[in-house]
Amino acid sequence: MLNPHALLLSGDALRERFIALDAFLCAQQNVWREKPFIQQQLNWETDHPELAAWLRGRSLADAQDSHANPYHLAAPQPFADWAQQAQQLSTIGSFAQAALVDRPLRMQNGIGGRKWQQIAAFAGVLHSGAQQPLAANAAWLDWCAGKGHLGRYLAWPNAPLECLEFNPALVKSGQAISQKHLAHAQHTLCDVMSTASAEALRRSDVVVALHACGDLHTHLVRQVSVQQSTALALAPCCYNRTHAEVYRPLSTLGQSSVLQLDKDDLSLPLLATVTASARECRLRDQSMAWRLAFDSLQRKLRAVDEYLPTPSLSAAWFNKPFAQWCADLAKLKGLPRVPVQNWTALEAQGWQRLAQVRNLELVAGLFRRPLELWLVLDQALFLSEQGFVVQLGEFCAVELTPRNLLLRAWRA
Ligand SMILES: C[S@@+](CC[C@H](N)C(=O)[O-])C[C@H]1O[C@@H](n2cnc3c(N)ncnc32)[C@H](O)[C@@H]1O
């Protein structure tokens, strides 16, 4: 649900919220950095044994029920304190949306219902807001456009559109679709990380990016400043897709923070699974339960009480009987031959550990949104430092996409 009472973040509020989030995340980093899947015992469990025992006693179904919204769990303290602070610091308003002329139904062909609604919501935001009047023929640039569905929605019917995308198949099919609906559209094969994207930025009026991952969106934020772009609307995604070992903050405030975020940390905001199908969830659970069972086995086989990473495995692997799967995985990891086990008991142990892991993960789950907001605020503050007017808010309900933060910026 969108929160109609909360405010968009802009001006001094960007700074104030960043400072508060930074203090909260720094103070609790020993809590949210813990990895229940890898560590059999978490460090905070010693300080909070009642909370740990309570969480460990719950079922997998209990964990799943609380996953999307862990804030109201009746868990022992300090859970409620963390939850209350996290929720307060993550509260953010949603953008007003202009009612746009319906796009022709055929433009929706080949686009999933949820994607179409995200695009319509994103477009509605861009056309609302008296502070940023959009010329009817503004030249749009869709950054990491895929087939350019968002750009096409915005530019329809007559405005010029350029789409940058580095997958040739998407460029080709995007161009073919655009020819049916738009007068002026160009789909350009382009690695946005290269200098080739600079010229495209210079010739556009408004840059949009829906779910551009990691480096692709931080590079965009830097480039709109360098190339003197006039307006940007960005919904970031996959913060962990970066070549840097550690996140490099863009803003002055971000750079002065002691928070050092590695790729594992950057994946925390992505751990919400509200959009996975039931089949995907079942497969993911089986994969994790079996890996946890294998973890107990490999600790014994190697006589080393340490987690051993296992590679991602195709779905076909999980059609094997559990015993065969363990033997094949041990071979893949170069471990000694697996002796005969009570396979039923071992598999049951994996499922039991999964229930504990999922419940313990609810603690880190409280920090997902604060961390995401910290990251996007860093980018918002940078743009603000570069002379942009910036607003940050939600552009659609989290049920449509958990990556529903939108950063809107234009030259003052
Ligand atoms: C998550 S998809 C989003 C696509 C589209 N904006 C949407 O919302 O449907 C990210 C897109 O970025 C493209 N991409 C990845 N790396 C890129 C690069 N270096 N340059 C240009 N496009 C890139 C991918 O091929 C993919 O189409």
# chains A, B, ... in the order shown; residues from 1 in each chain; ligands from 1
call {"tool": "closest_atom_pairs", "arguments": {"of": "chain A", "to": "ligand 1", "cutoff": "8 Å", "atoms": "only C-alpha atoms and all ligand atoms", "output": "tab-separated table"}}
result
residue	atom	partner	partner_atom_place_in_ligand_line	distance
A:Lys115	CA	ligand 1	9 (O)	7.3
A:Ile119	CA	ligand 1	8 (O)	7.9
A:Asp142	CA	ligand 1	6 (N)	7.3
A:Trp143	CA	ligand 1	6 (N)	6.9
A:Cys144	CA	ligand 1	22 (N)	4.0
A:Ala145	CA	ligand 1	6 (N)	4.1
A:Gly146	CA	ligand 1	27 (O)	3.5
A:Lys147	CA	ligand 1	5 (C)	7.0
A:Gly148	CA	ligand 1	5 (C)	6.6
A:His149	CA	ligand 1	9 (O)	6.6
A:Leu150	CA	ligand 1	6 (N)	6.9
A:Leu164	CA	ligand 1	21 (C)	5.9
A:Glu165	CA	ligand 1	22 (N)	3.9
A:Phe166	CA	ligand 1	21 (C)	4.1
A:Asn167	CA	ligand 1	25 (O)	5.0
A:Leu170	CA	ligand 1	27 (O)	7.0
A:Leu189	CA	ligand 1	21 (C)	7.7
A:Cys190	CA	ligand 1	21 (C)	5.6
A:Asp191	CA	ligand 1	20 (N)	3.5
A:Val192	CA	ligand 1	20 (N)	4.0
A:Met193	CA	ligand 1	19 (N)	5.4
A:Ser194	CA	ligand 1	19 (N)	7.8
A:Ala209	CA	ligand 1	6 (N)	5.9
A:Leu210	CA	ligand 1	6 (N)	4.4
A:His211	CA	ligand 1	1 (C)	5.0
A:Ala212	CA	ligand 1	10 (C)	5.1
A:Cys213	CA	ligand 1	10 (C)	6.3
A:Leu216	CA	ligand 1	19 (N)	6.6
A:Cys237	CA	ligand 1	1 (C)	7.3
call {"tool": "closest_atom_pairs", "arguments": {"of": "range 124-239 of chain A", "to": "range 248-266 of chain A", "cutoff": "10 Å", "atoms": "only C-alpha atoms", "output": "Markdown table"}}
result
| residue | atom | partner | partner_atom | distance |
| --- | --- | --- | --- | --- |
| A:Gly214 | CA | A:Leu266 | CA | 9.2 |
| A:Thr218 | CA | A:Leu250 | CA | 8.2 |
| A:Val221 | CA | A:Leu250 | CA | 8.9 |
| A:Arg222 | CA | A:Leu250 | CA | 8.0 |
| A:Cys238 | CA | A:Leu266 | CA | 8.1 |
| A:Tyr239 | CA | A:Leu266 | CA | 5.5 |
call {"tool": "write_last_selection", "arguments": {"atoms": "N, CA, C and O atoms", "output": "PDB file, in the first residue's frame"}}
result
ATOM      1  N   GLY A 214      22.629  -1.401 -10.194  1.00  0.00           N
ATOM      2  CA  GLY A 214      23.911  -1.016  -9.588  1.00  0.00           C
ATOM      3  C   GLY A 214      24.701   0.073 -10.297  1.00  0.00           C
ATOM      4  O   GLY A 214      24.302   1.241 -10.337  1.00  0.00           O
ATOM      5  N   THR A 218      24.285   4.309 -10.787  1.00  0.00           N
ATOM      6  CA  THR A 218      25.190   5.285 -10.148  1.00  0.00           C
ATOM      7  C   THR A 218      25.969   6.050 -11.231  1.00  0.00           C
ATOM      8  O   THR A 218      26.219   7.251 -11.102  1.00  0.00           O
ATOM      9  N   VAL A 221      23.691   8.742 -12.535  1.00  0.00           N
ATOM     10  CA  VAL A 221      23.575   9.883 -11.616  1.00  0.00           C
ATOM     11  C   VAL A 221      24.809  10.796 -11.765  1.00  0.00           C
ATOM     12  O   VAL A 221      24.689  12.032 -11.815  1.00  0.00           O
ATOM     13  N   ARG A 222      25.984  10.193 -11.887  1.00  0.00           N
ATOM     14  CA  ARG A 222      27.193  11.018 -12.072  1.00  0.00           C
ATOM     15  C   ARG A 222      27.150  11.728 -13.424  1.00  0.00           C
ATOM     16  O   ARG A 222      27.488  12.903 -13.544  1.00  0.00           O
ATOM     17  N   CYS A 238      18.791  -3.572  -7.993  1.00  0.00           N
ATOM     18  CA  CYS A 238      19.985  -4.443  -7.874  1.00  0.00           C
ATOM     19  C   CYS A 238      21.260  -3.669  -7.490  1.00  0.00           C
ATOM     20  O   CYS A 238      22.219  -3.609  -8.267  1.00  0.00           O
ATOM     21  N   TYR A 239      21.241  -3.116  -6.282  1.00  0.00           N
ATOM     22  CA  TYR A 239      22.356  -2.293  -5.795  1.00  0.00           C
ATOM     23  C   TYR A 239      23.674  -3.064  -5.765  1.00  0.00           C
ATOM     24  O   TYR A 239      24.751  -2.495  -5.786  1.00  0.00           O
TER      25      TYR A 239
END
call {"tool": "atom_distance", "arguments": {"atom1": "CA of Ala327 in chain A", "atom2": "CA of Trp290 in chain A"}}
result
12.0 Å
call {"tool": "closest_atom_pairs", "arguments": {"of": "range 68-158 of chain A", "to": "range 368-388 of chain A", "cutoff": "9 Å", "atoms": "only C-alpha atoms", "output": "tab-separated table"}}
result
residue	atom	partner	partner_atom	distance
A:Ala86	CA	A:Pro370	CA	6.2
A:Gln87	CA	A:Pro370	CA	8.0
A:Leu89	CA	A:Pro370	CA	6.6
A:Ser90	CA	A:Pro370	CA	5.4
call {"tool": "closest_atom_pairs", "arguments": {"of": "range 316-337 of chain A", "to": "range 295-301 of chain A", "cutoff": "12 Å", "atoms": "only C-alpha atoms", "output": "tab-separated table"}}
result
residue	atom	partner	partner_atom	distance
A:Ala323	CA	A:Leu297	CA	11.4
A:Cys326	CA	A:Leu297	CA	8.7
A:Ala327	CA	A:Leu297	CA	10.6
A:Leu329	CA	A:Gln298	CA	10.1
A:Ala330	CA	A:Gln298	CA	7.8
A:Lys331	CA	A:Gln298	CA	11.3
A:Lys333	CA	A:Gln298	CA	9.8
A:Gly334	CA	A:Gln298	CA	10.9
A:Leu335	CA	A:Leu301	CA	7.5
A:Pro336	CA	A:Leu301	CA	7.0
A:Arg337	CA	A:Leu301	CA	8.7
call {"tool": "atom_distance", "arguments": {"atom1": "CA of Val125 in chain A", "atom2": "CA of Phe95 in chain A"}}
result
6.1 Å
call {"tool": "select_by_dssp", "arguments": {"residues": "range 136-188 of chain A", "states": "strand (DSSP E or B)", "output": "list in words"}}
result
Trp140, Leu141, Asp142, Trp143, Leu161, Glu162, Cys163, Leu164, Glu165, Ala185, Gln186, His187 and Thr188 of chain A
call {"tool": "residues_around", "arguments": {"residues": "Asp102 in chain A", "least_positions_apart": "2", "cutoff": "10 Å", "atoms": "only C-alpha atoms", "output": "ChimeraX atom specification"}}
result
/A:99-100,104-105,120,153
call {"tool": "closest_residue", "arguments": {"among": "A:Cys163, A:Leu366, A:Ala244, A:Leu201", "to": "Gln85 in chain A", "atoms": "only C-alpha atoms"}}
result
A:Leu366
call {"tool": "residues_around", "arguments": {"residues": "Arg291 in chain A", "least_positions_apart": "5", "cutoff": "12 Å", "atoms": "only C-alpha atoms", "output": "PyMOL selection string"}}
result
chain A and resi 37-38+284-286+296-298+307-313+318+322+325-326+329-330+346-351+353-354
call {"tool": "atom_distance", "arguments": {"atom1": "CA of Thr46 in chain A", "atom2": "CA of Ala345 in chain A"}}
result
28.3 Å
call {"tool": "closest_residue", "arguments": {"among": "A:Cys26, A:Leu42, A:Ala233, A:Leu55", "to": "Ala74 in chain A", "atoms": "only C-alpha atoms"}}
result
A:Leu55
call {"tool": "residues_around", "arguments": {"residues": "Val101 in chain A", "least_positions_apart": "5", "cutoff": "12 Å", "atoms": "only C-alpha atoms", "output": "ChimeraX atom specification"}}
result
/A:120,123-124,127,153-154,156-157
call {"tool": "write_last_selection", "arguments": {"atoms": "N, CA and C atoms", "output": "compact mmCIF listing (two decimals), in the first residue's frame"}}
result
# COMPACT_ATOMS: atom_id res chain seq x y z
N ALA A 120 2.93 2.72 -16.19
CA ALA A 120 1.87 3.74 -16.16
C ALA A 120 2.04 4.64 -14.93
N ALA A 123 5.05 6.96 -15.38
CA ALA A 123 4.72 8.03 -16.33
C ALA A 123 3.78 9.05 -15.68
N GLY A 124 2.83 8.55 -14.89
CA GLY A 124 1.88 9.44 -14.22
C GLY A 124 2.61 10.41 -13.31
N HIS A 127 4.40 13.25 -15.29
CA HIS A 127 3.53 14.28 -15.86
C HIS A 127 2.79 15.06 -14.78
N TYR A 153 5.97 4.65 -23.76
CA TYR A 153 4.76 5.11 -23.05
C TYR A 153 4.83 6.63 -22.87
N LEU A 154 6.03 7.11 -22.49
CA LEU A 154 6.17 8.53 -22.21
C LEU A 154 6.14 9.37 -23.48
N TRP A 156 4.80 8.66 -26.40
CA TRP A 156 3.61 8.51 -27.25
C TRP A 156 2.75 9.77 -27.23
N PRO A 157 2.25 10.31 -28.33
CA PRO A 157 2.40 9.74 -29.66
C PRO A 157 3.49 10.40 -30.51
call {"tool": "decode", "arguments": {"residues": "range 205-255 of chain A", "atoms": "N, CA and C atoms", "output": "mmCIF file, in the first residue's frame"}}
result
data_model
loop_
_atom_site.group_PDB
_atom_site.id
_atom_site.type_symbol
_atom_site.label_atom_id
_atom_site.label_comp_id
_atom_site.auth_asym_id
_atom_site.auth_seq_id
_atom_site.Cartn_x
_atom_site.Cartn_y
_atom_site.Cartn_z
ATOM 1 N N ASP A 205 16.167 15.789 -23.341
ATOM 2 C CA ASP A 205 15.644 16.733 -22.350
ATOM 3 C C ASP A 205 15.401 16.058 -21.002
ATOM 4 N N VAL A 206 14.847 14.860 -21.048
ATOM 5 C CA VAL A 206 14.541 14.143 -19.799
ATOM 6 C C VAL A 206 15.070 12.712 -19.902
ATOM 7 N N VAL A 207 15.859 12.315 -18.910
ATOM 8 C CA VAL A 207 16.381 10.940 -18.886
ATOM 9 C C VAL A 207 15.533 10.142 -17.918
ATOM 10 N N VAL A 208 15.100 8.951 -18.344
ATOM 11 C CA VAL A 208 14.365 8.073 -17.436
ATOM 12 C C VAL A 208 15.075 6.730 -17.353
ATOM 13 N N ALA A 209 15.014 6.128 -16.188
ATOM 14 C CA ALA A 209 15.623 4.802 -16.019
ATOM 15 C C ALA A 209 14.750 4.022 -15.051
ATOM 16 N N LEU A 210 14.158 2.956 -15.557
ATOM 17 C CA LEU A 210 13.327 2.106 -14.706
ATOM 18 C C LEU A 210 14.112 0.818 -14.456
ATOM 19 N N HIS A 211 14.496 0.638 -13.201
ATOM 20 C CA HIS A 211 15.195 -0.565 -12.767
ATOM 21 C C HIS A 211 16.523 -0.769 -13.489
ATOM 22 N N ALA A 212 17.306 0.300 -13.500
ATOM 23 C CA ALA A 212 18.694 0.190 -13.961
ATOM 24 C C ALA A 212 19.512 -0.300 -12.764
ATOM 25 N N CYS A 213 20.302 -1.339 -12.985
ATOM 26 C CA CYS A 213 20.999 -2.000 -11.865
ATOM 27 C C CYS A 213 22.290 -1.270 -11.454
ATOM 28 N N GLY A 214 22.629 -1.401 -10.194
ATOM 29 C CA GLY A 214 23.911 -1.016 -9.588
ATOM 30 C C GLY A 214 24.701 0.073 -10.297
ATOM 31 N N ASP A 215 25.834 -0.335 -10.884
ATOM 32 C CA ASP A 215 26.724 0.629 -11.546
ATOM 33 C C ASP A 215 25.999 1.422 -12.629
ATOM 34 N N LEU A 216 24.993 0.797 -13.260
ATOM 35 C CA LEU A 216 24.314 1.469 -14.375
ATOM 36 C C LEU A 216 23.552 2.697 -13.886
ATOM 37 N N HIS A 217 23.012 2.626 -12.660
ATOM 38 C CA HIS A 217 22.312 3.832 -12.188
ATOM 39 C C HIS A 217 23.252 4.808 -11.486
ATOM 40 N N THR A 218 24.285 4.309 -10.787
ATOM 41 C CA THR A 218 25.190 5.285 -10.148
ATOM 42 C C THR A 218 25.969 6.050 -11.231
ATOM 43 N N HIS A 219 26.304 5.349 -12.337
ATOM 44 C CA HIS A 219 26.988 6.028 -13.438
ATOM 45 C C HIS A 219 26.067 7.093 -14.047
ATOM 46 N N LEU A 220 24.796 6.745 -14.173
ATOM 47 C CA LEU A 220 23.828 7.712 -14.718
ATOM 48 C C LEU A 220 23.764 8.967 -13.835
ATOM 49 N N VAL A 221 23.691 8.742 -12.535
ATOM 50 C CA VAL A 221 23.575 9.883 -11.616
ATOM 51 C C VAL A 221 24.809 10.796 -11.765
ATOM 52 N N ARG A 222 25.984 10.193 -11.887
ATOM 53 C CA ARG A 222 27.193 11.018 -12.072
ATOM 54 C C ARG A 222 27.150 11.728 -13.424
ATOM 55 N N GLN A 223 26.707 10.984 -14.460
ATOM 56 C CA GLN A 223 26.750 11.537 -15.807
ATOM 57 C C GLN A 223 25.726 12.660 -16.036
ATOM 58 N N VAL A 224 24.568 12.611 -15.403
ATOM 59 C CA VAL A 224 23.612 13.699 -15.640
ATOM 60 C C VAL A 224 24.183 15.025 -15.129
ATOM 61 N N SER A 225 25.068 14.896 -14.147
ATOM 62 C CA SER A 225 25.710 16.107 -13.658
ATOM 63 C C SER A 225 26.786 16.565 -14.645
ATOM 64 N N VAL A 226 27.645 15.626 -15.063
ATOM 65 C CA VAL A 226 28.752 15.986 -15.972
ATOM 66 C C VAL A 226 28.209 16.522 -17.296
ATOM 67 N N GLN A 227 27.177 15.866 -17.829
ATOM 68 C CA GLN A 227 26.680 16.231 -19.161
ATOM 69 C C GLN A 227 25.637 17.349 -19.106
ATOM 70 N N GLN A 228 25.440 17.911 -17.929
ATOM 71 C CA GLN A 228 24.513 19.055 -17.789
ATOM 72 C C GLN A 228 23.094 18.707 -18.224
ATOM 73 N N SER A 229 22.653 17.479 -17.940
ATOM 74 C CA SER A 229 21.272 17.103 -18.278
ATOM 75 C C SER A 229 20.315 17.979 -17.487
ATOM 76 N N THR A 230 19.093 18.135 -18.021
ATOM 77 C CA THR A 230 18.164 19.024 -17.321
ATOM 78 C C THR A 230 17.230 18.287 -16.370
ATOM 79 N N ALA A 231 16.893 17.044 -16.677
ATOM 80 C CA ALA A 231 15.940 16.351 -15.793
ATOM 81 C C ALA A 231 16.151 14.846 -15.824
ATOM 82 N N LEU A 232 15.892 14.237 -14.672
ATOM 83 C CA LEU A 232 16.115 12.796 -14.522
ATOM 84 C C LEU A 232 15.009 12.187 -13.671
ATOM 85 N N ALA A 233 14.562 11.001 -14.042
ATOM 86 C CA ALA A 233 13.684 10.214 -13.158
ATOM 87 C C ALA A 233 14.234 8.800 -13.136
ATOM 88 N N LEU A 234 14.576 8.345 -11.935
ATOM 89 C CA LEU A 234 15.279 7.063 -11.814
ATOM 90 C C LEU A 234 14.642 6.198 -10.737
ATOM 91 N N ALA A 235 14.351 4.956 -11.100
ATOM 92 C CA ALA A 235 13.946 3.950 -10.096
ATOM 93 C C ALA A 235 15.070 2.917 -10.059
ATOM 94 N N PRO A 236 15.931 2.980 -9.040
ATOM 95 C CA PRO A 236 17.098 2.090 -9.033
ATOM 96 C C PRO A 236 16.748 0.652 -8.658
ATOM 97 N N CYS A 237 17.682 -0.236 -8.932
ATOM 98 C CA CYS A 237 17.446 -1.667 -8.728
ATOM 99 C C CYS A 237 18.801 -2.352 -8.503
ATOM 100 N N CYS A 238 18.791 -3.572 -7.993
ATOM 101 C CA CYS A 238 19.985 -4.443 -7.874
ATOM 102 C C CYS A 238 21.260 -3.669 -7.490
ATOM 103 N N TYR A 239 21.241 -3.116 -6.282
ATOM 104 C CA TYR A 239 22.356 -2.293 -5.795
ATOM 105 C C TYR A 239 23.674 -3.064 -5.765
ATOM 106 N N ASN A 240 23.577 -4.387 -5.698
ATOM 107 C CA ASN A 240 24.791 -5.219 -5.562
ATOM 108 C C ASN A 240 25.467 -5.507 -6.904
ATOM 109 N N ARG A 241 24.851 -5.103 -8.021
ATOM 110 C CA ARG A 241 25.486 -5.341 -9.321
ATOM 111 C C ARG A 241 26.487 -4.228 -9.595
ATOM 112 N N THR A 242 27.653 -4.410 -9.033
ATOM 113 C CA THR A 242 28.678 -3.378 -9.143
ATOM 114 C C THR A 242 30.044 -4.031 -9.240
ATOM 115 N N HIS A 243 30.949 -3.348 -9.936
ATOM 116 C CA HIS A 243 32.312 -3.881 -10.031
ATOM 117 C C HIS A 243 33.132 -3.513 -8.803
ATOM 118 N N ALA A 244 32.684 -2.474 -8.087
ATOM 119 C CA ALA A 244 33.455 -2.039 -6.911
ATOM 120 C C ALA A 244 33.296 -3.066 -5.786
ATOM 121 N N GLU A 245 34.357 -3.311 -5.068
ATOM 122 C CA GLU A 245 34.284 -4.246 -3.931
ATOM 123 C C GLU A 245 33.435 -3.655 -2.815
ATOM 124 N N VAL A 246 33.547 -2.320 -2.688
ATOM 125 C CA VAL A 246 32.835 -1.625 -1.620
ATOM 126 C C VAL A 246 32.112 -0.436 -2.260
ATOM 127 N N TYR A 247 30.869 -0.168 -1.823
ATOM 128 C CA TYR A 247 30.094 0.938 -2.388
ATOM 129 C C TYR A 247 30.857 2.257 -2.227
ATOM 130 N N ARG A 248 30.926 3.025 -3.323
ATOM 131 C CA ARG A 248 31.598 4.321 -3.269
ATOM 132 C C ARG A 248 30.528 5.409 -3.209
ATOM 133 N N PRO A 249 30.289 6.003 -2.022
ATOM 134 C CA PRO A 249 29.235 7.016 -1.915
ATOM 135 C C PRO A 249 29.493 8.186 -2.863
ATOM 136 N N LEU A 250 28.418 8.769 -3.341
ATOM 137 C CA LEU A 250 28.543 9.886 -4.279
ATOM 138 C C LEU A 250 28.517 11.224 -3.551
ATOM 139 N N SER A 251 27.692 11.328 -2.519
ATOM 140 C CA SER A 251 27.486 12.622 -1.864
ATOM 141 C C SER A 251 28.559 12.885 -0.815
ATOM 142 N N THR A 252 28.689 14.144 -0.440
ATOM 143 C CA THR A 252 29.655 14.501 0.595
ATOM 144 C C THR A 252 29.295 13.824 1.915
ATOM 145 N N LEU A 253 28.002 13.842 2.247
ATOM 146 C CA LEU A 253 27.583 13.197 3.503
ATOM 147 C C LEU A 253 27.854 11.702 3.460
ATOM 148 N N GLY A 254 27.552 11.094 2.325
ATOM 149 C CA GLY A 254 27.801 9.649 2.160
ATOM 150 C C GLY A 254 29.272 9.339 2.338
ATOM 151 N N GLN A 255 30.108 10.194 1.766
ATOM 152 C CA GLN A 255 31.559 9.953 1.863
ATOM 153 C C GLN A 255 32.071 10.119 3.287
#
